[in-house]
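**Q** Got query_14.json for you, JSON, C-alpha atoms:
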[["chain", "number", "residue", "atom", "x", "y", "z"],
["A", 1, "GLY", "CA", 11.79, -10.25, -18.42],
["A", 2, "ALA", "CA", 9.30, -8.68, -16.01],
["A", 3, "VAL", "CA", 8.88, -5.37, -17.80],
["A", 4, "VAL", "CA", 6.17, -2.91, -16.90],
["A", 5, "SER", "CA", 5.36, 0.05, -19.11],
["A", 6, "GLN", "CA", 3.40, 3.20, -18.41],
["A", 7, "HIS", "CA", 1.84, 5.63, -20.80],
["A", 8, "PRO", "CA", 2.13, 8.53, -21.05],
["A", 9, "SER", "CA", 5.49, 9.22, -19.43],
["A", 10, "TRP", "CA", 4.50, 12.81, -18.83],
["A", 11, "VAL", "CA", 1.38, 14.88, -19.29],
["A", 12, "ILE", "CA", 0.43, 18.50, -18.83],
["A", 13, "CYS", "CA", -3.23, 19.33, -18.61],
["A", 14, "LYS", "CA", -5.56, 22.14, -17.64],
["A", 15, "SER", "CA", -7.35, 22.20, -14.34],
["A", 16, "GLY", "CA", -10.70, 20.42, -14.52],
["A", 17, "THR", "CA", -9.77, 17.92, -17.19],
["A", 18, "SER", "CA", -9.40, 14.18, -16.72],
["A", 19, "VAL", "CA", -6.21, 12.26, -17.39],
["A", 20, "LYS", "CA", -5.88, 8.53, -18.01],
["A", 21, "ILE", "CA", -2.64, 6.68, -17.25],
["A", 22, "GLU", "CA", -2.05, 3.16, -18.52],
["A", 23, "CYS", "CA", 0.06, 0.50, -16.85],
["A", 24, "ARG", "CA", 0.94, -2.65, -18.77],
["A", 25, "SER", "CA", 2.86, -5.78, -17.87],
["A", 26, "LEU", "CA", 4.63, -6.67, -21.11],
["A", 27, "ASP", "CA", 5.89, -10.19, -20.57],
["A", 28, "PHE", "CA", 3.93, -11.60, -17.68],
["A", 29, "GLN", "CA", 0.43, -11.74, -16.34],
["A", 30, "ALA", "CA", -0.24, -9.49, -13.38],
["A", 31, "THR", "CA", -3.15, -10.48, -11.21],
["A", 32, "THR", "CA", -2.42, -7.54, -8.97],
["A", 33, "MET", "CA", -1.31, -4.05, -9.85],
["A", 34, "PHE", "CA", -0.55, -1.19, -7.50],
["A", 35, "TRP", "CA", -0.75, 2.56, -7.99],
["A", 36, "TYR", "CA", 1.55, 4.90, -6.10],
["A", 37, "ARG", "CA", 1.96, 8.65, -5.96],
["A", 38, "GLN", "CA", 5.17, 10.47, -5.12],
["A", 39, "PHE", "CA", 5.43, 14.17, -4.36],
["A", 40, "PRO", "CA", 8.83, 15.91, -4.59],
["A", 41, "LYS", "CA", 11.25, 14.91, -1.84],
["A", 42, "GLN", "CA", 8.73, 12.46, -0.44],
["A", 43, "SER", "CA", 8.39, 8.71, -0.56],
["A", 44, "LEU", "CA", 6.08, 6.63, -2.65],
["A", 45, "MET", "CA", 2.61, 6.46, -1.15],
["A", 46, "LEU", "CA", 0.38, 3.57, -2.09],
["A", 47, "MET", "CA", -2.90, 4.84, -3.47],
["A", 48, "ALA", "CA", -4.70, 1.64, -4.33],
["A", 49, "THR", "CA", -4.40, -2.04, -5.08],
["A", 50, "SER", "CA", -6.21, -3.43, -8.07],
["A", 51, "ASN", "CA", -6.94, -7.05, -8.80],
["A", 52, "GLU", "CA", -7.94, -8.19, -12.24],
["A", 53, "GLY", "CA", -11.69, -8.34, -12.64],
["A", 54, "SER", "CA", -12.58, -6.82, -9.30],
["A", 55, "LYS", "CA", -12.87, -3.41, -7.70],
["A", 56, "ALA", "CA", -9.76, -1.68, -6.50],
["A", 57, "THR", "CA", -8.95, -1.36, -2.82],
["A", 58, "TYR", "CA", -8.10, 2.22, -1.94],
["A", 59, "GLU", "CA", -5.81, 3.35, 0.86],
["A", 60, "GLN", "CA", -7.19, 5.61, 3.54],
["A", 61, "GLY", "CA", -7.52, 9.18, 2.39],
["A", 62, "VAL", "CA", -7.55, 8.38, -1.33],
["A", 63, "GLU", "CA", -10.80, 9.40, -3.03],
["A", 64, "LYS", "CA", -12.02, 6.52, -5.14],
["A", 65, "ASP", "CA", -14.35, 8.76, -7.15],
["A", 66, "LYS", "CA", -11.47, 11.01, -8.08],
["A", 67, "PHE", "CA", -8.92, 8.32, -8.88],
["A", 68, "LEU", "CA", -10.72, 5.74, -10.98],
["A", 69, "ILE", "CA", -8.92, 2.44, -11.40],
["A", 70, "ASN", "CA", -9.78, -0.22, -13.91],
["A", 71, "HIS", "CA", -7.97, -3.56, -14.16],
["A", 72, "ALA", "CA", -9.82, -5.20, -17.00],
["A", 73, "SER", "CA", -7.17, -7.69, -18.07],
["A", 74, "LEU", "CA", -4.16, -9.49, -16.67],
["A", 75, "THR", "CA", -1.81, -7.11, -18.45],
["A", 76, "LEU", "CA", -3.48, -3.72, -18.19],
["A", 77, "SER", "CA", -4.59, -1.41, -15.43],
["A", 78, "THR", "CA", -5.61, 2.21, -15.88],
["A", 79, "LEU", "CA", -5.74, 5.12, -13.47],
["A", 80, "THR", "CA", -7.94, 8.07, -14.38],
["A", 81, "VAL", "CA", -7.48, 11.29, -12.48],
["A", 82, "THR", "CA", -10.83, 12.99, -12.82],
["A", 83, "SER", "CA", -11.27, 16.76, -12.68],
["A", 84, "ALA", "CA", -7.59, 17.23, -12.06],
["A", 85, "HIS", "CA", -6.40, 20.17, -9.98],
["A", 86, "PRO", "CA", -2.91, 21.60, -9.49],
["A", 87, "GLU", "CA", -2.55, 19.74, -6.18],
["A", 88, "ASP", "CA", -2.86, 16.47, -8.13],
["A", 89, "SER", "CA", 0.40, 17.27, -9.88],
["A", 90, "SER", "CA", 2.71, 14.44, -8.92],
["A", 91, "PHE", "CA", 4.70, 11.43, -10.12],
["A", 92, "TYR", "CA", 2.35, 8.47, -10.52],
["A", 93, "ILE", "CA", 3.97, 5.04, -10.57],
["A", 94, "CYS", "CA", 2.39, 1.65, -11.07],
["A", 95, "SER", "CA", 3.74, -1.75, -10.20],
["A", 96, "ALA", "CA", 2.65, -5.23, -11.14],
["A", 97, "ARG", "CA", 2.93, -8.50, -9.32],
["A", 98, "GLU", "CA", 2.87, -11.94, -10.89],
["A", 99, "THR", "CA", 0.70, -14.67, -9.52],
["A", 100, "GLY", "CA", 2.70, -16.40, -6.83],
["A", 101, "PRO", "CA", 5.95, -14.44, -6.47],
["A", 102, "ASP", "CA", 5.93, -11.55, -4.03],
["A", 103, "THR", "CA", 8.09, -9.34, -6.22],
["A", 104, "GLN", "CA", 6.63, -6.17, -7.64],
["A", 105, "TYR", "CA", 7.93, -4.73, -10.89],
["A", 106, "PHE", "CA", 7.64, -1.00, -11.29],
["A", 107, "GLY", "CA", 6.70, 1.01, -14.33],
["A", 108, "PRO", "CA", 8.78, 4.05, -15.29],
["A", 109, "GLY", "CA", 6.23, 6.47, -13.88],
["A", 110, "THR", "CA", 4.05, 9.24, -15.27],
["A", 111, "ARG", "CA", 4.73, 12.83, -14.37],
["A", 112, "LEU", "CA", 1.47, 14.78, -14.24],
["A", 113, "THR", "CA", 1.42, 18.56, -14.19],
["A", 114, "VAL", "CA", -1.93, 20.27, -13.82],
["A", 115, "LEU", "CA", -1.96, 23.94, -14.73],
["B", 1, "ARG", "CA", 4.82, 7.35, 14.00],
["B", 2, "LYS", "CA", 5.63, 6.49, 10.39],
["B", 3, "GLU", "CA", 5.47, 2.82, 9.45],
["B", 4, "VAL", "CA", 8.96, 2.91, 7.99],
["B", 5, "GLU", "CA", 11.53, 5.47, 9.11],
["B", 6, "GLN", "CA", 14.94, 6.09, 7.66],
["B", 7, "ASP", "CA", 17.98, 8.17, 8.49],
["B", 8, "PRO", "CA", 17.54, 11.73, 7.34],
["B", 9, "GLY", "CA", 19.88, 12.67, 4.50],
["B", 10, "PRO", "CA", 21.59, 13.66, 2.45],
["B", 11, "PHE", "CA", 24.80, 11.70, 2.90],
["B", 12, "ASN", "CA", 27.72, 13.26, 1.07],
["B", 13, "VAL", "CA", 30.72, 10.93, 0.89],
["B", 14, "PRO", "CA", 33.93, 10.67, -1.15],
["B", 15, "GLU", "CA", 34.50, 7.86, -3.60],
["B", 16, "GLY", "CA", 35.72, 4.73, -1.88],
["B", 17, "ALA", "CA", 34.00, 5.50, 1.40],
["B", 18, "THR", "CA", 31.84, 3.06, 3.31],
["B", 19, "VAL", "CA", 28.37, 4.30, 4.10],
["B", 20, "ALA", "CA", 25.61, 2.79, 6.21],
["B", 21, "PHE", "CA", 21.89, 3.42, 6.07],
["B", 22, "ASN", "CA", 19.52, 2.56, 8.89],
["B", 23, "CYS", "CA", 15.82, 1.91, 8.89],
["B", 24, "THR", "CA", 13.21, 0.99, 11.48],
["B", 25, "TYR", "CA", 9.72, -0.33, 10.95],
["B", 26, "SER", "CA", 6.72, -0.35, 13.24],
["B", 27, "ASN", "CA", 4.71, -3.38, 12.16],
["B", 28, "SER", "CA", 6.13, -6.44, 13.89],
["B", 29, "ALA", "CA", 4.10, -8.70, 11.61],
["B", 30, "SER", "CA", 6.05, -7.54, 8.56],
["B", 31, "GLN", "CA", 7.06, -10.45, 6.43],
["B", 32, "SER", "CA", 9.57, -9.29, 3.88],
["B", 33, "PHE", "CA", 12.04, -6.48, 3.57],
["B", 34, "PHE", "CA", 13.85, -4.78, 0.74],
["B", 35, "TRP", "CA", 16.18, -2.00, -0.23],
["B", 36, "TYR", "CA", 15.30, -0.11, -3.38],
["B", 37, "ARG", "CA", 17.28, 2.50, -5.21],
["B", 38, "GLN", "CA", 15.64, 5.46, -6.90],
["B", 39, "ASP", "CA", 17.42, 7.80, -9.28],
["B", 40, "CYS", "CA", 16.14, 11.32, -9.77],
["B", 41, "ARG", "CA", 12.80, 11.40, -11.61],
["B", 42, "LYS", "CA", 12.85, 7.64, -12.16],
["B", 43, "GLU", "CA", 11.00, 4.66, -10.76],
["B", 44, "PRO", "CA", 12.44, 2.72, -7.82],
["B", 45, "LYS", "CA", 14.48, -0.34, -8.68],
["B", 46, "LEU", "CA", 15.02, -3.31, -6.41],
["B", 47, "LEU", "CA", 18.53, -3.32, -5.01],
["B", 48, "MET", "CA", 18.24, -6.35, -2.79],
["B", 49, "SER", "CA", 15.95, -8.28, -0.52],
["B", 50, "VAL", "CA", 16.88, -8.47, 3.14],
["B", 51, "TYR", "CA", 17.00, -11.78, 4.96],
["B", 52, "SER", "CA", 17.17, -12.54, 8.67],
["B", 53, "SER", "CA", 20.58, -14.13, 8.31],
["B", 54, "GLY", "CA", 21.95, -11.07, 6.54],
["B", 55, "ASN", "CA", 22.94, -11.10, 2.93],
["B", 56, "GLU", "CA", 25.58, -9.65, 0.69],
["B", 57, "ASP", "CA", 25.64, -8.73, -2.98],
["B", 58, "GLY", "CA", 29.03, -7.50, -4.05],
["B", 59, "ARG", "CA", 29.69, -4.21, -2.26],
["B", 60, "PHE", "CA", 26.26, -4.18, -0.66],
["B", 61, "THR", "CA", 25.39, -5.87, 2.63],
["B", 62, "ALA", "CA", 21.94, -5.91, 4.18],
["B", 63, "GLN", "CA", 21.06, -6.87, 7.72],
["B", 64, "LEU", "CA", 17.76, -7.46, 9.46],
["B", 65, "ASN", "CA", 17.08, -7.54, 13.19],
["B", 66, "ARG", "CA", 13.49, -8.64, 13.71],
["B", 67, "ALA", "CA", 13.63, -8.21, 17.48],
["B", 68, "SER", "CA", 14.62, -4.56, 17.13],
["B", 69, "GLN", "CA", 12.59, -4.08, 13.92],
["B", 70, "TYR", "CA", 15.70, -2.65, 12.33],
["B", 71, "ILE", "CA", 17.14, -2.95, 8.85],
["B", 72, "SER", "CA", 20.47, -1.72, 7.57],
["B", 73, "LEU", "CA", 22.32, -1.35, 4.29],
["B", 74, "LEU", "CA", 26.08, -1.05, 4.06],
["B", 75, "ILE", "CA", 27.79, 0.10, 0.88],
["B", 76, "ARG", "CA", 31.53, -0.47, 0.69],
["B", 77, "ASP", "CA", 33.97, 1.22, -1.69],
["B", 78, "SER", "CA", 31.27, 3.61, -2.88],
["B", 79, "LYS", "CA", 31.26, 4.66, -6.55],
["B", 80, "LEU", "CA", 30.02, 7.82, -8.20],
["B", 81, "SER", "CA", 27.28, 5.71, -9.75],
["B", 82, "ASP", "CA", 25.96, 4.82, -6.30],
["B", 83, "SER", "CA", 24.58, 8.37, -5.99],
["B", 84, "ALA", "CA", 20.82, 7.95, -5.64],
["B", 85, "THR", "CA", 18.08, 7.81, -3.03],
["B", 86, "TYR", "CA", 17.92, 4.55, -1.11],
["B", 87, "LEU", "CA", 14.49, 3.41, 0.00],
["B", 88, "CYS", "CA", 13.82, 1.00, 2.83],
["B", 89, "VAL", "CA", 10.73, -1.03, 2.00],
["B", 90, "VAL", "CA", 8.67, -3.33, 4.18],
["B", 91, "ASN", "CA", 5.91, -5.74, 3.25],
["B", 92, "PRO", "CA", 3.50, -6.21, 6.16],
["B", 93, "GLY", "CA", 1.32, -8.43, 4.02],
["B", 94, "GLY", "CA", 0.43, -7.97, 0.38],
["B", 95, "LYS", "CA", 1.66, -4.44, -0.16],
["B", 96, "LEU", "CA", 4.88, -2.46, 0.03],
["B", 97, "ILE", "CA", 5.40, 0.36, 2.51],
["B", 98, "PHE", "CA", 8.20, 2.74, 1.56],
["B", 99, "GLY", "CA", 10.38, 4.80, 3.82],
["B", 100, "GLN", "CA", 11.01, 8.41, 2.85],
["B", 101, "GLY", "CA", 14.41, 7.50, 1.46],
["B", 102, "THR", "CA", 17.94, 8.62, 2.18],
["B", 103, "GLU", "CA", 19.78, 10.55, -0.47],
["B", 104, "LEU", "CA", 23.38, 9.56, -1.14],
["B", 105, "SER", "CA", 25.78, 11.73, -3.05],
["B", 106, "VAL", "CA", 29.20, 10.25, -3.83],
["B", 107, "LYS", "CA", 31.78, 12.85, -4.80],
["B", 108, "PRO", "CA", 35.07, 12.37, -6.68]]
Please lay out the structure from this file as structure tokens.
**A**
Amino acid sequence: GAVVSQHPSWVICKSGTSVKIECRSLDFQATTMFWYRQFPKQSLMLMATSNEGSKATYEQGVEKDKFLINHASLTLSTLTVTSAHPEDSSFYICSARETGPDTQYFGPGTRLTVL
Amino acid sequence: RKEVEQDPGPFNVPEGATVAFNCTYSNSASQSFFWYRQDCRKEPKLLMSVYSSGNEDGRFTAQLNRASQYISLLIRDSKLSDSATYLCVVNPGGKLIFGQGTELSVKP
């Protein structure tokens, strides 16, 4: 149990385009989902916390107009990187937390390369 | 100062060796603590939670010292398959804060 999927697993896009990444909890309901970014040789950095049906809470330094997060249902959250630039190239990972337990389950990640 | 700091790596050890990772955290209000393992180009996976009394899972032993804000992970009889990056993770309340990770390479 407790499986989280992400789609796509990798994407290459041109500078200036927008990319949408989906995060789904497959066998549980996730009231809270988290979006992380990881650059090479660095740790995971929390970008934002999203709660179902409400606006996401962004970490300091993360542009909310650039990284649009939607958590419309208890099993799906999306991250849209708008007007992507090469410096946005990174490994984006989501996690989902069930109501009650403190454990987060991680998706397999999405590798974004912006040319 | 980073919220979670780990030993710099990489650690290169022979099979069968015992290896210890250290971690310190800055937020004294932190409530829960974990060690995660991350393989190259993969998502992190929970290795074990860390409890104040210390806990063991097979070859892995985790310790927590709240007074010193220090967490450790000991791996005994290391295997080739233990090669990965080990992430110290702290929950100060509602979210996970990751250390930069320590890379472990176990050689035959």
**Q** Got a sec: who's within 7 Å of Gln100 of chain B, counting all atoms listed in the file, leaving out chain neighbours fewer than 4 positions off, as a ChimeraX atom specification?
**A** /A:42-43 /B:5-6,87
**Q** With 8 Å as the limit and counting all atoms listed in the file, what residues in chain B lie close to chain A? Please list them as an mmCIF file with C-alpha atoms, in the frame of the given file.
**A**
data_model
loop_
_atom_site.group_PDB
_atom_site.id
_atom_site.type_symbol
_atom_site.label_atom_id
_atom_site.label_comp_id
_atom_site.auth_asym_id
_atom_site.auth_seq_id
_atom_site.Cartn_x
_atom_site.Cartn_y
_atom_site.Cartn_z
ATOM 1 C CA LYS B 42 12.850 7.640 -12.160
ATOM 2 C CA GLU B 43 11.000 4.660 -10.760
ATOM 3 C CA PRO B 44 12.440 2.720 -7.820
ATOM 4 C CA LYS B 45 14.480 -0.340 -8.680
ATOM 5 C CA GLY B 94 0.430 -7.970 0.380
ATOM 6 C CA LEU B 96 4.880 -2.460 0.030
ATOM 7 C CA ILE B 97 5.400 0.360 2.510
ATOM 8 C CA PHE B 98 8.200 2.740 1.560
ATOM 9 C CA GLY B 99 10.380 4.800 3.820
ATOM 10 C CA GLN B 100 11.010 8.410 2.850
ATOM 11 C CA GLY B 101 14.410 7.500 1.460
#
**Q** In Å to one decimal, how far is atom CA of Lys2 of chain B from atom CA of Lys66 of chain A?
**A**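 So the two atoms, atom CA of Lys66 of chain A and atom CA of Lys2 of chain B, lie 25.6 Å apart.
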**Q** Skipping near chain neighbours, those fewer than 2 positions away, what residues fall within 6 Å of Leu79 of chain A using only C-alpha atoms, listed as a PyMOL selection string?
**A** chain A and resi 20-21+68-69
**Q** Check the smallest atom-to-atom distance from each of A:Met33, A:Val3, A:Ala56, A:Val19 to Ser89 of chain A using only C-alpha atoms, then report the winner.
**A**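 Ranked by minimum distance to Ser89 of chain A, first place goes to A:Val19.
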**Q** So, with all atoms listed in the file as the atoms that count, which of A:Gln6, A:Ser18, A:Thr57, A:Asn51 lies closest to His85 of chain A?
**A**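 Among A:Gln6, A:Ser18, A:Thr57, A:Asn51, it is A:Ser18 that comes nearest to His85 of chain A.
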**Q** Could you jot down the atom CA of Phe34 of chain B to atom CA of Gln69 of chain B separation for me, Å, one decimal place?
**A**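 Answer for the atom CA of Phe34 of chain B to atom CA of Gln69 of chain B separation: 13.3 Å.
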**Q** At what distance in Å, to one decimal, does atom CA of Asp7 of chain B lie from atom CA of Val89 of chain B?
**A**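 Answer for the atom CA of Val89 of chain B to atom CA of Asp7 of chain B separation: 13.4 Å.
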**Q** Could you pull out every residue with an atom within 10 Å of (-8.0, -4.1, -13.8), file coordinates, counting all atoms listed in the file, and send them as a list of chain:residue names?
**A**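 Collected hits near the coordinates: A:Cys23, A:Ala30, A:Thr31, A:Thr32, A:Met33, A:Thr49, A:Ser50, A:Asn51, A:Glu52, A:Gly53, A:Ser54, A:Lys55, A:Ala56, A:Ile69, A:Asn70, A:His71, A:Ala72, A:Ser73, A:Leu74, A:Thr75, A:Leu76, A:Ser77, A:Thr78, A:Leu79.
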**Q** Write the residues of the preceding selection, restricted to C-alpha atoms, as a compact mmCIF listing (two decimals), in the coordinates of the input.
**A**
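In the end it all went to again28.txt:
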# COMPACT_ATOMS: atom_id res chain seq x y z
CA CYS A 23 0.06 0.50 -16.85
CA ALA A 30 -0.24 -9.49 -13.38
CA THR A 31 -3.15 -10.48 -11.21
CA THR A 32 -2.42 -7.54 -8.97
CA MET A 33 -1.31 -4.05 -9.85
CA THR A 49 -4.40 -2.04 -5.08
CA SER A 50 -6.21 -3.43 -8.07
CA ASN A 51 -6.94 -7.05 -8.80
CA GLU A 52 -7.94 -8.19 -12.24
CA GLY A 53 -11.69 -8.34 -12.64
CA SER A 54 -12.58 -6.82 -9.30
CA LYS A 55 -12.87 -3.41 -7.70
CA ALA A 56 -9.76 -1.68 -6.50
CA ILE A 69 -8.92 2.44 -11.40
CA ASN A 70 -9.78 -0.22 -13.91
CA HIS A 71 -7.97 -3.56 -14.16
CA ALA A 72 -9.82 -5.20 -17.00
CA SER A 73 -7.17 -7.69 -18.07
CA LEU A 74 -4.16 -9.49 -16.67
CA THR A 75 -1.81 -7.11 -18.45
CA LEU A 76 -3.48 -3.72 -18.19
CA SER A 77 -4.59 -1.41 -15.43
CA THR A 78 -5.61 2.21 -15.88
CA LEU A 79 -5.74 5.12 -13.47
**Q** Kindly indicate which residue among A:Phe67, A:Lys14, A:Phe39, A:Ser9 lies nearest to Val81 of chain A, using all atoms listed in the file for the distances.
**A**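 Answer, going by the shortest atom-to-atom distance: A:Phe67.
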**Q** Applying 10 Å and all atoms listed in the file, which residues near Asp77 of chain B remain after dropping the ones on its own chain fewer than 2 positions away? List them as a list in words.
**A**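 Everything that qualifies: Pro14, Glu15, Gly16, Ala17, Thr18, Val19, Arg59, Phe60, Ile75, Lys79 and Asp82 of chain B.
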**Q** I'd like the contact shell of Glu103 of chain B - 9 Å cut-off, all atoms listed in the file, skipping same-chain residues fewer than 6 positions apart - returned as a ChimeraX atom specification.
**A** /B:8-12,83-87
